[in-house]
file coords-v5.cif (mmCIF, C-alpha atoms)
data_query
#
loop_
_atom_site.label_atom_id
_atom_site.label_comp_id
_atom_site.auth_asym_id
_atom_site.auth_seq_id
_atom_site.Cartn_x
_atom_site.Cartn_y
_atom_site.Cartn_z
CA MET A 1 -154.38 -80.51 -4.84
CA LEU A 2 -156.76 -83.43 -5.46
CA LYS A 3 -160.42 -82.52 -5.12
CA LEU A 4 -162.91 -85.10 -3.96
CA PRO A 5 -166.15 -85.33 -5.97
CA GLN A 6 -169.17 -83.43 -4.70
CA PHE A 7 -172.09 -85.83 -4.59
CA PRO A 8 -175.68 -84.54 -4.59
CA ALA A 9 -177.59 -84.64 -1.32
CA TYR A 10 -179.82 -87.50 -2.49
CA ALA A 11 -176.86 -89.78 -3.39
CA THR A 12 -176.89 -92.99 -1.37
CA PHE A 13 -173.93 -95.00 -0.13
CA ALA A 14 -174.45 -97.44 -3.02
CA ASP A 15 -174.29 -94.54 -5.52
CA LYS A 16 -171.00 -93.31 -4.06
CA LEU A 17 -169.56 -96.82 -3.93
CA GLY A 18 -170.57 -97.45 -7.54
CA TRP A 19 -168.96 -94.16 -8.62
CA TRP A 20 -165.64 -95.16 -7.05
CA LEU A 21 -165.78 -98.75 -8.33
CA VAL A 22 -166.33 -97.61 -11.92
CA ARG A 23 -163.38 -95.25 -11.80
CA VAL A 24 -161.07 -97.71 -10.06
CA GLY A 25 -162.04 -100.30 -12.68
CA CYS A 26 -161.28 -97.86 -15.51
CA VAL A 27 -157.86 -97.07 -14.04
CA ALA A 28 -157.11 -100.78 -13.65
CA VAL A 29 -158.08 -101.52 -17.26
CA LEU A 30 -155.97 -98.62 -18.55
CA ALA A 31 -152.99 -99.77 -16.46
CA PHE A 32 -153.39 -103.30 -17.86
CA LEU A 33 -153.47 -101.99 -21.43
CA LEU A 34 -150.49 -99.66 -20.94
CA ALA A 35 -148.29 -102.16 -19.10
CA PRO A 36 -146.95 -103.88 -22.27
CA ILE A 37 -146.01 -100.48 -23.70
CA LEU A 38 -144.23 -99.35 -20.56
CA VAL A 39 -142.26 -102.62 -20.38
CA VAL A 40 -140.41 -101.60 -23.55
CA ILE A 41 -138.90 -98.45 -22.02
CA PRO A 42 -136.48 -100.11 -19.53
CA LEU A 43 -135.32 -102.52 -22.24
CA SER A 44 -134.01 -99.58 -24.28
CA PHE A 45 -131.52 -98.81 -21.48
CA SER A 46 -130.23 -102.39 -21.18
CA ASP A 47 -126.61 -103.23 -21.99
CA SER A 48 -127.64 -106.70 -23.14
CA SER A 49 -127.75 -107.58 -26.83
CA PHE A 50 -131.12 -109.26 -26.35
CA LEU A 51 -134.55 -108.17 -25.16
CA ALA A 52 -134.67 -109.92 -21.83
CA TYR A 53 -135.64 -109.47 -18.20
CA PRO A 54 -134.11 -109.12 -15.65
CA ILE A 55 -131.93 -106.39 -17.09
CA PRO A 56 -128.24 -107.26 -16.45
CA GLY A 57 -127.00 -103.68 -16.64
CA TRP A 58 -127.82 -100.19 -17.80
CA SER A 59 -126.41 -98.40 -20.82
CA LEU A 60 -127.22 -95.79 -23.48
CA LYS A 61 -125.39 -97.65 -26.24
CA TRP A 62 -128.57 -98.55 -28.11
CA TYR A 63 -129.54 -94.89 -28.37
CA ARG A 64 -126.01 -94.14 -29.57
CA HIS A 65 -126.31 -96.93 -32.13
CA LEU A 66 -129.68 -95.56 -33.22
CA PHE A 67 -128.32 -92.07 -33.92
CA GLU A 68 -125.15 -93.37 -35.58
CA SER A 69 -126.82 -95.96 -37.84
CA PRO A 70 -127.29 -94.83 -41.47
CA GLU A 71 -130.29 -97.16 -41.90
CA TRP A 72 -132.20 -95.66 -38.97
CA ALA A 73 -131.18 -92.12 -40.00
CA ARG A 74 -132.56 -92.73 -43.50
CA ALA A 75 -135.78 -94.18 -42.08
CA ALA A 76 -136.24 -91.19 -39.76
CA ARG A 77 -135.59 -88.77 -42.62
CA ASN A 78 -138.17 -90.52 -44.80
CA SER A 79 -140.76 -90.48 -42.01
CA PHE A 80 -140.29 -86.76 -41.51
CA ILE A 81 -140.60 -86.21 -45.26
CA VAL A 82 -143.71 -88.31 -45.87
CA ALA A 83 -145.70 -87.59 -42.69
CA PRO A 84 -145.62 -83.75 -42.81
CA ALA A 85 -146.34 -83.68 -46.55
CA ALA A 86 -149.23 -86.13 -46.16
CA THR A 87 -150.53 -84.12 -43.20
CA VAL A 88 -150.61 -80.88 -45.17
CA LEU A 89 -152.40 -82.53 -48.09
CA ALA A 90 -154.88 -84.33 -45.81
CA THR A 91 -155.58 -81.17 -43.81
CA VAL A 92 -156.29 -79.06 -46.89
CA LEU A 93 -158.52 -81.67 -48.55
CA GLY A 94 -160.31 -82.67 -45.34
CA THR A 95 -161.01 -79.08 -44.32
CA LEU A 96 -162.35 -78.08 -47.73
CA ALA A 97 -164.55 -81.18 -47.86
CA ALA A 98 -165.91 -80.49 -44.37
CA VAL A 99 -166.72 -76.86 -45.18
CA GLY A 100 -168.45 -77.87 -48.41
CA LEU A 101 -170.50 -80.62 -46.76
CA SER A 102 -171.57 -78.38 -43.88
CA ARG A 103 -172.88 -75.63 -46.18
CA THR A 104 -174.99 -77.67 -48.60
CA ASN A 105 -177.63 -80.37 -48.55
CA PHE A 106 -178.17 -82.70 -51.49
CA ALA A 107 -179.65 -86.10 -52.21
CA PHE A 108 -176.56 -88.27 -51.84
CA LYS A 109 -174.78 -86.36 -49.09
CA GLY A 110 -174.81 -89.36 -46.74
CA LEU A 111 -173.41 -91.64 -49.43
CA LEU A 112 -170.65 -89.16 -50.24
CA MET A 113 -169.79 -88.86 -46.56
CA SER A 114 -169.53 -92.66 -46.30
CA VAL A 115 -167.15 -92.75 -49.26
CA LEU A 116 -164.97 -89.99 -47.83
CA ILE A 117 -164.55 -91.68 -44.44
CA SER A 118 -164.21 -95.19 -45.90
CA PRO A 119 -160.39 -95.27 -45.42
CA MET A 120 -161.07 -95.28 -41.67
CA VAL A 121 -163.09 -98.52 -41.82
CA VAL A 122 -161.68 -100.44 -44.79
CA PRO A 123 -159.05 -102.99 -43.64
CA ILE A 124 -155.61 -101.50 -44.14
CA VAL A 125 -154.38 -104.62 -45.98
CA VAL A 126 -157.11 -104.11 -48.55
CA VAL A 127 -156.02 -100.49 -48.96
CA GLY A 128 -152.40 -101.58 -49.40
CA VAL A 129 -153.17 -104.20 -52.05
CA ALA A 130 -155.58 -101.94 -53.93
CA THR A 131 -153.22 -98.97 -54.03
CA TYR A 132 -150.31 -101.13 -55.13
CA LEU A 133 -152.32 -102.69 -57.97
CA TYR A 134 -153.46 -99.21 -59.05
CA PHE A 135 -150.18 -97.33 -58.60
CA ALA A 136 -147.74 -99.91 -59.97
CA PRO A 137 -148.88 -99.76 -63.63
CA ILE A 138 -148.72 -95.94 -63.68
CA GLY A 139 -145.30 -95.75 -62.05
CA LEU A 140 -146.28 -94.37 -58.64
CA ALA A 141 -145.10 -97.39 -56.64
CA ASP A 142 -141.68 -96.98 -54.98
CA THR A 143 -142.03 -93.19 -55.05
CA TYR A 144 -142.42 -90.54 -52.37
CA PHE A 145 -145.37 -89.03 -54.21
CA GLY A 146 -147.36 -92.27 -54.25
CA LEU A 147 -146.65 -92.88 -50.56
CA ILE A 148 -147.65 -89.33 -49.61
CA VAL A 149 -150.91 -89.53 -51.58
CA VAL A 150 -151.97 -92.77 -49.89
CA HIS A 151 -151.01 -91.53 -46.42
CA ALA A 152 -152.99 -88.35 -47.09
CA ALA A 153 -156.00 -90.44 -48.09
CA LEU A 154 -155.73 -92.33 -44.80
CA GLY A 155 -155.46 -89.13 -42.75
CA ALA A 156 -158.04 -86.97 -44.51
CA PRO A 157 -161.08 -88.69 -42.90
CA PHE A 158 -159.79 -87.72 -39.45
CA VAL A 159 -159.56 -84.09 -40.54
CA LEU A 160 -163.00 -84.29 -42.13
CA THR A 161 -164.73 -85.64 -39.01
CA THR A 162 -163.05 -83.26 -36.55
CA VAL A 163 -163.69 -80.18 -38.69
CA LEU A 164 -167.30 -81.22 -39.25
CA ALA A 165 -167.74 -81.54 -35.49
CA THR A 166 -166.32 -78.03 -35.06
CA LEU A 167 -168.56 -76.62 -37.80
CA ALA A 168 -171.64 -78.05 -36.06
CA GLY A 169 -171.54 -75.10 -33.67
CA PHE A 170 -170.40 -72.52 -36.21
CA ASN A 171 -172.66 -69.54 -36.83
CA HIS A 172 -172.98 -69.31 -40.62
CA ASN A 173 -174.56 -65.87 -40.29
CA LEU A 174 -171.04 -64.55 -39.82
CA VAL A 175 -170.16 -65.74 -43.32
CA ARG A 176 -173.35 -64.29 -44.80
CA ALA A 177 -172.67 -60.94 -43.10
CA SER A 178 -169.14 -60.85 -44.47
CA LEU A 179 -170.27 -61.66 -48.01
CA SER A 180 -173.08 -59.09 -47.84
CA LEU A 181 -170.50 -56.42 -46.95
CA GLY A 182 -168.56 -57.11 -50.14
CA GLU A 183 -165.84 -59.48 -48.92
CA THR A 184 -164.70 -62.25 -51.26
CA PRO A 185 -165.43 -65.90 -50.34
CA PHE A 186 -161.71 -66.68 -50.01
CA ARG A 187 -160.99 -63.78 -47.65
CA THR A 188 -164.16 -64.59 -45.71
CA PHE A 189 -162.94 -68.13 -45.20
CA MET A 190 -159.42 -67.06 -44.20
CA ARG A 191 -160.47 -64.24 -41.85
CA ILE A 192 -163.71 -65.57 -40.33
CA THR A 193 -164.30 -69.29 -40.85
CA LEU A 194 -160.76 -70.61 -40.46
CA PRO A 195 -159.93 -68.82 -37.17
CA VAL A 196 -163.12 -70.18 -35.60
CA ILE A 197 -162.59 -73.78 -36.72
CA ALA A 198 -158.80 -73.72 -36.21
CA PRO A 199 -158.86 -76.01 -33.11
CA GLY A 200 -160.71 -78.67 -35.12
CA VAL A 201 -158.36 -78.28 -38.07
CA ILE A 202 -155.28 -78.60 -35.88
CA SER A 203 -156.73 -81.60 -34.03
CA GLY A 204 -157.48 -83.33 -37.32
CA ALA A 205 -153.99 -82.51 -38.60
CA LEU A 206 -152.43 -84.11 -35.52
CA PHE A 207 -154.50 -87.26 -36.06
CA ALA A 208 -153.50 -87.30 -39.73
CA PHE A 209 -149.83 -86.87 -38.82
CA ALA A 210 -149.96 -89.69 -36.28
CA THR A 211 -151.73 -91.95 -38.78
CA SER A 212 -149.10 -91.32 -41.44
CA PHE A 213 -146.15 -91.49 -39.07
CA ASP A 214 -147.22 -94.89 -37.65
CA GLU A 215 -148.38 -96.50 -40.91
CA VAL A 216 -146.52 -99.66 -41.84
CA VAL A 217 -148.83 -101.92 -43.89
CA VAL A 218 -149.32 -99.58 -46.85
CA THR A 219 -145.64 -98.69 -46.69
CA LEU A 220 -144.73 -102.36 -47.04
CA PHE A 221 -146.69 -102.49 -50.30
CA LEU A 222 -145.71 -99.15 -51.84
CA ALA A 223 -142.33 -98.08 -50.49
CA GLY A 224 -139.09 -99.08 -52.17
CA PRO A 225 -135.63 -99.29 -50.58
CA ASP A 226 -135.27 -95.51 -50.73
CA GLN A 227 -138.62 -94.80 -49.03
CA VAL A 228 -138.22 -96.97 -45.92
CA THR A 229 -139.88 -95.25 -42.93
CA LEU A 230 -139.35 -95.80 -39.21
CA PRO A 231 -142.26 -98.24 -38.76
CA ARG A 232 -141.10 -100.30 -41.73
CA GLN A 233 -137.52 -100.30 -40.48
CA MET A 234 -138.81 -101.51 -37.10
CA PHE A 235 -140.83 -104.24 -38.82
CA THR A 236 -137.76 -105.35 -40.76
CA GLY A 237 -135.64 -105.34 -37.60
CA ILE A 238 -138.15 -107.44 -35.67
CA ARG A 239 -138.40 -109.95 -38.51
CA GLU A 240 -134.67 -110.34 -39.13
CA ASN A 241 -132.85 -109.50 -35.90
CA ILE A 242 -134.51 -108.41 -32.67
CA SER A 243 -132.21 -105.77 -31.20
CA PRO A 244 -132.65 -103.41 -28.23
CA THR A 245 -132.27 -100.62 -30.79
CA ILE A 246 -135.92 -101.28 -31.64
CA ALA A 247 -136.78 -100.67 -27.99
CA ALA A 248 -134.92 -97.35 -28.14
CA VAL A 249 -136.89 -96.33 -31.25
CA ALA A 250 -140.13 -97.44 -29.62
CA THR A 251 -139.36 -95.36 -26.52
CA LEU A 252 -138.76 -92.25 -28.61
CA LEU A 253 -141.98 -92.89 -30.54
CA ILE A 254 -143.90 -93.29 -27.25
CA ILE A 255 -142.59 -89.92 -26.07
CA PHE A 256 -143.37 -88.34 -29.43
CA THR A 257 -146.92 -89.75 -29.58
CA THR A 258 -147.60 -88.79 -25.97
CA THR A 259 -146.51 -85.24 -26.73
CA LEU A 260 -148.92 -85.11 -29.67
CA LEU A 261 -151.78 -86.31 -27.46
CA LEU A 262 -150.97 -83.72 -24.80
CA VAL A 263 -150.99 -80.98 -27.44
CA LEU A 264 -154.32 -82.30 -28.72
CA GLU A 265 -155.81 -82.25 -25.21
CA TRP A 266 -154.53 -78.70 -24.72
CA LEU A 267 -156.23 -77.64 -27.93
CA ARG A 268 -159.47 -79.30 -26.82
CA GLY A 269 -159.27 -77.34 -23.58
CA ARG A 270 -158.83 -74.08 -25.46
CA ARG A 271 -161.80 -74.96 -27.67
CA ARG A 272 -164.03 -75.50 -24.62
#

call {"tool": "encode", "arguments": {"input": "coords-v5.cif", "output": "C-alpha coordinates"}}
result
Amino acid sequence: MLKLPQFPAYATFADKLGWWLVRVGCVAVLAFLLAPILVVIPLSFSDSSFLAYPIPGWSLKWYRHLFESPEWARAARNSFIVAPAATVLATVLGTLAAVGLSRTNFAFKGLLMSVLISPMVVPIVVVGVATYLYFAPIGLADTYFGLIVVHAALGAPFVLTTVLATLAGFNHNLVRASLSLGETPFRTFMRITLPVIAPGVISGALFAFATSFDEVVVTLFLAGPDQVTLPRQMFTGIRENISPTIAAVATLLIIFTTTLLLVLEWLRGRRR
(Lines of atoms letter the chains of each structure in order from A and count residues from 1; the text may use other names and numbers.)
(Lines give C-alpha, C1' and ligand atoms only; values in the text may rest on other atoms or scores of the structure.)
Protein backbone atom coordinates (compact mmCIF):
# COMPACT_ATOMS: atom_id res chain seq x y z
CA MET A 1 0.00 0.00 0.00
CA LEU A 2 1.39 3.40 -1.04
CA LYS A 3 2.04 5.73 1.88
CA LEU A 4 1.74 9.46 1.43
CA PRO A 5 4.58 11.56 2.86
CA GLN A 6 4.11 13.05 6.32
CA PHE A 7 4.93 16.74 6.12
CA PRO A 8 5.87 18.70 9.26
CA ALA A 9 3.26 21.04 10.72
CA TYR A 10 5.14 24.14 9.58
CA ALA A 11 5.28 23.03 5.91
CA THR A 12 3.50 25.48 3.62
CA PHE A 13 1.57 24.73 0.44
CA ALA A 14 4.61 25.86 -1.58
CA ASP A 15 6.82 23.39 0.32
CA LYS A 16 4.46 20.51 -0.43
CA LEU A 17 4.08 21.54 -4.07
CA GLY A 18 7.86 21.78 -4.46
CA TRP A 19 8.30 18.32 -2.90
CA TRP A 20 5.92 16.78 -5.44
CA LEU A 21 7.35 18.72 -8.40
CA VAL A 22 10.90 17.56 -7.64
CA ARG A 23 9.85 13.93 -7.46
CA VAL A 24 7.65 14.07 -10.55
CA GLY A 25 10.55 15.71 -12.40
CA CYS A 26 12.95 12.97 -11.27
CA VAL A 27 10.55 10.26 -12.44
CA ALA A 28 10.13 12.00 -15.80
CA VAL A 29 13.90 12.28 -16.30
CA LEU A 30 14.42 8.62 -15.38
CA ALA A 31 11.64 7.56 -17.76
CA PHE A 32 13.25 9.62 -20.54
CA LEU A 33 16.64 8.01 -19.92
CA LEU A 34 15.24 4.47 -19.72
CA ALA A 35 12.98 4.75 -22.78
CA PRO A 36 15.72 3.96 -25.35
CA ILE A 37 16.68 0.86 -23.37
CA LEU A 38 13.11 -0.40 -23.09
CA VAL A 39 12.55 0.10 -26.83
CA VAL A 40 15.03 -2.70 -27.52
CA ILE A 41 13.00 -5.36 -25.67
CA PRO A 42 10.01 -5.59 -28.09
CA LEU A 43 12.40 -5.71 -31.06
CA SER A 44 13.86 -8.97 -29.74
CA PHE A 45 10.45 -10.63 -30.21
CA SER A 46 9.96 -9.41 -33.79
CA ASP A 47 9.77 -11.86 -36.69
CA SER A 48 11.31 -9.29 -39.02
CA SER A 49 14.93 -9.60 -40.14
CA PHE A 50 15.48 -5.91 -39.45
CA LEU A 51 15.24 -3.65 -36.42
CA ALA A 52 12.16 -1.67 -37.31
CA TYR A 53 8.93 -0.31 -35.91
CA PRO A 54 6.04 -1.04 -36.18
CA ILE A 55 6.69 -4.69 -35.46
CA PRO A 56 5.09 -6.82 -38.23
CA GLY A 57 4.77 -9.96 -36.12
CA TRP A 58 5.95 -11.72 -33.00
CA SER A 59 8.37 -14.61 -32.78
CA LEU A 60 11.03 -16.21 -30.57
CA LYS A 61 13.25 -17.18 -33.49
CA TRP A 62 15.97 -14.69 -32.60
CA TYR A 63 16.33 -16.20 -29.14
CA ARG A 64 16.46 -19.64 -30.76
CA HIS A 65 19.13 -18.38 -33.15
CA LEU A 66 21.05 -16.90 -30.23
CA PHE A 67 21.19 -20.20 -28.32
CA GLU A 68 21.96 -22.25 -31.44
CA SER A 69 24.71 -19.99 -32.83
CA PRO A 70 28.27 -21.21 -32.12
CA GLU A 71 29.62 -17.64 -32.29
CA TRP A 72 27.27 -16.36 -29.60
CA ALA A 73 27.81 -19.50 -27.49
CA ARG A 74 31.59 -18.96 -27.64
CA ALA A 75 31.18 -15.28 -26.72
CA ALA A 76 28.95 -16.14 -23.76
CA ARG A 77 31.40 -18.79 -22.57
CA ASN A 78 34.29 -16.33 -22.75
CA SER A 79 32.33 -13.68 -20.84
CA PHE A 80 31.56 -16.14 -18.07
CA ILE A 81 35.22 -17.16 -17.94
CA VAL A 82 36.76 -13.69 -17.89
CA ALA A 83 34.23 -11.81 -15.73
CA PRO A 84 34.15 -14.20 -12.71
CA ALA A 85 37.93 -14.63 -12.73
CA ALA A 86 38.47 -10.86 -12.95
CA THR A 87 35.90 -10.33 -10.20
CA VAL A 88 37.67 -12.70 -7.81
CA LEU A 89 41.04 -11.07 -8.47
CA ALA A 90 39.63 -7.54 -8.17
CA THR A 91 37.76 -8.40 -4.96
CA VAL A 92 40.82 -9.88 -3.26
CA LEU A 93 43.14 -7.04 -4.26
CA GLY A 94 40.61 -4.28 -3.59
CA THR A 95 39.66 -5.64 -0.17
CA LEU A 96 43.26 -6.06 0.95
CA ALA A 97 44.14 -2.57 -0.26
CA ALA A 98 41.14 -1.08 1.56
CA VAL A 99 41.97 -2.83 4.82
CA GLY A 100 45.60 -1.70 4.60
CA LEU A 101 44.71 1.91 3.82
CA SER A 102 42.15 2.10 6.61
CA ARG A 103 44.59 0.89 9.28
CA THR A 104 47.59 3.11 8.57
CA ASN A 105 48.40 6.75 7.96
CA PHE A 106 51.48 7.81 6.01
CA ALA A 107 52.73 10.80 4.06
CA PHE A 108 51.61 9.83 0.57
CA LYS A 109 48.40 8.02 1.41
CA GLY A 110 46.29 10.42 -0.66
CA LEU A 111 48.59 10.04 -3.66
CA LEU A 112 48.48 6.26 -3.39
CA MET A 113 44.69 6.34 -3.17
CA SER A 114 44.55 8.48 -6.32
CA VAL A 115 46.73 5.98 -8.17
CA LEU A 116 44.62 3.02 -7.06
CA ILE A 117 41.33 4.56 -8.21
CA SER A 118 42.79 6.04 -11.41
CA PRO A 119 41.28 3.29 -13.65
CA MET A 120 37.87 4.75 -12.76
CA VAL A 121 38.72 8.19 -14.19
CA VAL A 122 41.27 7.53 -16.95
CA PRO A 123 39.55 7.32 -20.38
CA ILE A 124 39.01 3.69 -21.26
CA VAL A 125 40.57 4.16 -24.72
CA VAL A 126 43.78 5.30 -23.05
CA VAL A 127 43.70 2.20 -20.85
CA GLY A 128 43.17 -0.02 -23.89
CA VAL A 129 46.04 1.48 -25.89
CA ALA A 130 48.42 1.49 -22.91
CA THR A 131 47.72 -2.10 -21.94
CA TYR A 132 48.06 -3.31 -25.51
CA LEU A 133 51.42 -1.55 -25.96
CA TYR A 134 52.62 -3.03 -22.65
CA PHE A 135 51.18 -6.54 -23.00
CA ALA A 136 51.93 -7.19 -26.67
CA PRO A 137 55.76 -7.33 -26.36
CA ILE A 138 55.59 -9.75 -23.41
CA GLY A 139 53.06 -12.06 -25.05
CA LEU A 140 50.00 -11.29 -22.91
CA ALA A 141 47.89 -9.89 -25.76
CA ASP A 142 45.33 -12.33 -27.21
CA THR A 143 45.32 -14.35 -23.98
CA TYR A 144 42.74 -14.96 -21.28
CA PHE A 145 45.25 -14.08 -18.59
CA GLY A 146 45.99 -10.63 -20.03
CA LEU A 147 42.28 -9.89 -20.44
CA ILE A 148 41.49 -11.02 -16.89
CA VAL A 149 44.29 -8.90 -15.41
CA VAL A 150 43.11 -5.73 -17.15
CA HIS A 151 39.46 -6.34 -16.27
CA ALA A 152 40.51 -6.90 -12.66
CA ALA A 153 42.40 -3.60 -12.70
CA LEU A 154 39.25 -1.86 -13.93
CA GLY A 155 37.07 -3.47 -11.26
CA ALA A 156 39.38 -3.24 -8.25
CA PRO A 157 38.75 0.51 -7.65
CA PHE A 158 35.04 -0.19 -7.17
CA VAL A 159 35.86 -2.81 -4.54
CA LEU A 160 38.34 -0.46 -2.90
CA THR A 161 35.90 2.44 -2.55
CA THR A 162 32.96 0.35 -1.31
CA VAL A 163 35.05 -1.54 1.25
CA LEU A 164 36.64 1.70 2.46
CA ALA A 165 33.17 3.16 2.95
CA THR A 166 32.21 0.09 4.98
CA LEU A 167 35.39 0.27 7.06
CA ALA A 168 34.64 3.91 7.95
CA GLY A 169 32.19 2.66 10.57
CA PHE A 170 34.19 -0.38 11.63
CA ASN A 171 35.28 -0.59 15.26
CA HIS A 172 38.99 -1.43 15.12
CA ASN A 173 38.97 -2.20 18.85
CA LEU A 174 37.47 -5.56 17.91
CA VAL A 175 40.64 -6.39 15.98
CA ARG A 176 42.88 -5.19 18.82
CA ALA A 177 40.91 -7.29 21.32
CA SER A 178 41.24 -10.37 19.15
CA LEU A 179 44.99 -9.91 18.70
CA SER A 180 45.49 -9.26 22.42
CA LEU A 181 43.80 -12.60 23.16
CA GLY A 182 46.35 -14.46 21.05
CA GLU A 183 44.53 -14.82 17.73
CA THR A 184 46.58 -14.61 14.54
CA PRO A 185 46.07 -11.65 12.17
CA PHE A 186 44.76 -13.93 9.41
CA ARG A 187 42.16 -15.63 11.61
CA THR A 188 41.21 -12.25 13.08
CA PHE A 189 40.55 -10.93 9.60
CA MET A 190 38.56 -14.00 8.54
CA ARG A 191 36.47 -14.31 11.71
CA ILE A 192 35.97 -10.66 12.74
CA THR A 193 36.80 -8.12 10.04
CA LEU A 194 35.50 -9.93 6.96
CA PRO A 195 32.03 -10.81 8.34
CA VAL A 196 31.48 -7.18 9.33
CA ILE A 197 32.57 -5.71 5.99
CA ALA A 198 31.02 -8.51 3.89
CA PRO A 199 28.17 -6.32 2.49
CA GLY A 200 30.74 -3.82 1.18
CA VAL A 201 32.89 -6.58 -0.26
CA ILE A 202 29.94 -8.19 -2.03
CA SER A 203 28.71 -4.83 -3.34
CA GLY A 204 32.16 -4.05 -4.72
CA ALA A 205 32.38 -7.51 -6.27
CA LEU A 206 29.06 -6.97 -8.06
CA PHE A 207 30.30 -3.66 -9.45
CA ALA A 208 33.54 -5.31 -10.55
CA PHE A 209 31.63 -8.13 -12.23
CA ALA A 210 29.35 -5.72 -14.08
CA THR A 211 32.35 -3.64 -15.18
CA SER A 212 34.14 -6.69 -16.56
CA PHE A 213 31.06 -8.23 -18.11
CA ASP A 214 30.14 -5.04 -20.02
CA GLU A 215 33.67 -4.00 -21.05
CA VAL A 216 34.19 -3.76 -24.80
CA VAL A 217 36.90 -1.16 -25.53
CA VAL A 218 39.77 -2.93 -23.75
CA THR A 219 38.56 -6.23 -25.17
CA LEU A 220 38.80 -4.81 -28.69
CA PHE A 221 42.48 -4.05 -28.08
CA LEU A 222 43.54 -7.17 -26.18
CA ALA A 223 41.25 -10.06 -27.12
CA GLY A 224 42.01 -12.34 -30.04
CA PRO A 225 39.53 -14.46 -32.02
CA ASP A 226 39.40 -17.03 -29.22
CA GLN A 227 38.67 -14.48 -26.48
CA VAL A 228 35.67 -12.71 -28.03
CA THR A 229 33.19 -11.73 -25.30
CA LEU A 230 29.50 -10.88 -25.55
CA PRO A 231 29.98 -7.09 -25.74
CA ARG A 232 32.61 -7.48 -28.47
CA GLN A 233 30.41 -9.89 -30.40
CA MET A 234 27.58 -7.35 -30.17
CA PHE A 235 29.92 -4.61 -31.40
CA THR A 236 30.97 -6.77 -34.34
CA GLY A 237 27.36 -7.61 -35.15
CA ILE A 238 26.30 -3.95 -35.11
CA ARG A 239 29.21 -2.97 -37.35
CA GLU A 240 28.78 -5.74 -39.92
CA ASN A 241 25.14 -6.82 -39.89
CA ILE A 242 22.45 -5.40 -37.62
CA SER A 243 20.28 -8.37 -36.65
CA PRO A 244 17.45 -8.70 -34.12
CA THR A 245 19.66 -11.30 -32.45
CA ILE A 246 21.53 -8.33 -30.96
CA ALA A 247 18.23 -7.13 -29.48
CA ALA A 248 17.72 -10.57 -27.93
CA VAL A 249 21.20 -10.45 -26.37
CA ALA A 250 20.58 -6.92 -25.15
CA THR A 251 17.31 -7.98 -23.53
CA LEU A 252 19.00 -10.81 -21.67
CA LEU A 253 21.78 -8.45 -20.55
CA ILE A 254 19.17 -5.93 -19.31
CA ILE A 255 17.53 -8.65 -17.22
CA PHE A 256 20.89 -9.84 -15.95
CA THR A 257 22.09 -6.33 -15.02
CA THR A 258 18.77 -5.48 -13.38
CA THR A 259 19.04 -8.62 -11.27
CA LEU A 260 22.52 -7.60 -10.14
CA LEU A 261 21.25 -4.15 -9.15
CA LEU A 262 18.35 -5.66 -7.20
CA VAL A 263 20.77 -7.93 -5.34
CA LEU A 264 22.98 -4.92 -4.62
CA GLU A 265 20.03 -2.95 -3.25
CA TRP A 266 19.03 -5.92 -1.09
CA LEU A 267 22.54 -6.06 0.34
CA ARG A 268 22.45 -2.33 1.05
CA GLY A 269 19.20 -2.83 2.92
CA ARG A 270 20.73 -5.59 5.03
CA ARG A 271 23.72 -3.35 5.77
CA ARG A 272 21.44 -0.57 7.04

call {"tool": "residues_around", "arguments": {"input": "coords-v5.cif", "residues": "stretch 160-176 of chain A", "least_positions_apart": "3", "cutoff": "10 Å", "atoms": "only C-alpha atoms", "output": "MDAnalysis selection string"}}
result
chainID A and resid 90:103 113 116:117 155:157 179:181 183 185 188:189 191:193 196:205 207 271

call {"tool": "write_last_selection", "arguments": {"input": "coords-v5.cif", "atoms": "C-alpha atoms", "output": "CSV table (one decimal), in the frame of the given file"}}
result
chain,number,residue,atom,x,y,z
A,90,ALA,CA,-154.9,-84.3,-45.8
A,91,THR,CA,-155.6,-81.2,-43.8
A,92,VAL,CA,-156.3,-79.1,-46.9
A,93,LEU,CA,-158.5,-81.7,-48.6
A,94,GLY,CA,-160.3,-82.7,-45.3
A,95,THR,CA,-161.0,-79.1,-44.3
A,96,LEU,CA,-162.4,-78.1,-47.7
A,97,ALA,CA,-164.6,-81.2,-47.9
A,98,ALA,CA,-165.9,-80.5,-44.4
A,99,VAL,CA,-166.7,-76.9,-45.2
A,100,GLY,CA,-168.4,-77.9,-48.4
A,101,LEU,CA,-170.5,-80.6,-46.8
A,102,SER,CA,-171.6,-78.4,-43.9
A,103,ARG,CA,-172.9,-75.6,-46.2
A,113,MET,CA,-169.8,-88.9,-46.6
A,116,LEU,CA,-165.0,-90.0,-47.8
A,117,ILE,CA,-164.6,-91.7,-44.4
A,155,GLY,CA,-155.5,-89.1,-42.8
A,156,ALA,CA,-158.0,-87.0,-44.5
A,157,PRO,CA,-161.1,-88.7,-42.9
A,179,LEU,CA,-170.3,-61.7,-48.0
A,180,SER,CA,-173.1,-59.1,-47.8
A,181,LEU,CA,-170.5,-56.4,-47.0
A,183,GLU,CA,-165.8,-59.5,-48.9
A,185,PRO,CA,-165.4,-65.9,-50.3
A,188,THR,CA,-164.2,-64.6,-45.7
A,189,PHE,CA,-162.9,-68.1,-45.2
A,191,ARG,CA,-160.5,-64.2,-41.8
A,192,ILE,CA,-163.7,-65.6,-40.3
A,193,THR,CA,-164.3,-69.3,-40.8
A,196,VAL,CA,-163.1,-70.2,-35.6
A,197,ILE,CA,-162.6,-73.8,-36.7
A,198,ALA,CA,-158.8,-73.7,-36.2
A,199,PRO,CA,-158.9,-76.0,-33.1
A,200,GLY,CA,-160.7,-78.7,-35.1
A,201,VAL,CA,-158.4,-78.3,-38.1
A,202,ILE,CA,-155.3,-78.6,-35.9
A,203,SER,CA,-156.7,-81.6,-34.0
A,204,GLY,CA,-157.5,-83.3,-37.3
A,205,ALA,CA,-154.0,-82.5,-38.6
A,207,PHE,CA,-154.5,-87.3,-36.1
A,271,ARG,CA,-161.8,-75.0,-27.7

call {"tool": "atom_distance", "arguments": {"input": "coords-v5.cif", "atom1": "atom CA of A:Ala152", "atom2": "atom CA of A:Val82"}}
result
9.4 Å

call {"tool": "atom_distance", "arguments": {"input": "coords-v5.cif", "atom1": "atom CA of A:Tyr132", "atom2": "atom CA of A:Ala76"}}
result
23.1 Å

call {"tool": "closest_residue", "arguments": {"input": "coords-v5.cif", "among": "A:Val218, A:Asn105, A:Leu89, A:Val24", "to": "A:Pro123", "atoms": "only C-alpha atoms"}}
result
A:Val218

call {"tool": "residues_around", "arguments": {"input": "coords-v5.cif", "residues": "A:Pro42", "least_positions_apart": "5", "cutoff": "9 Å", "atoms": "only C-alpha atoms", "output": "list in words"}}
result
Ile55, Trp58, Ala247 and Thr251 of chain A

call {"tool": "closest_residue", "arguments": {"input": "coords-v5.cif", "among": "A:Asp142, A:Pro244, A:Thr236, A:Val88", "to": "A:Arg64", "atoms": "only C-alpha atoms"}}
result
A:Pro244

call {"tool": "resolve_selection", "arguments": {"input": "coords-v5.cif", "expression": "the PyMOL selection byres ((chain A and resi 258-264) around 9)", "output": "list in words"}}
result
Pro199, Ile202, Ser203, Leu206, Phe207, Ala210, Leu253, Ile254, Ile255, Phe256, Thr257, Glu265, Trp266, Leu267, Arg268 and Gly269 of chain A
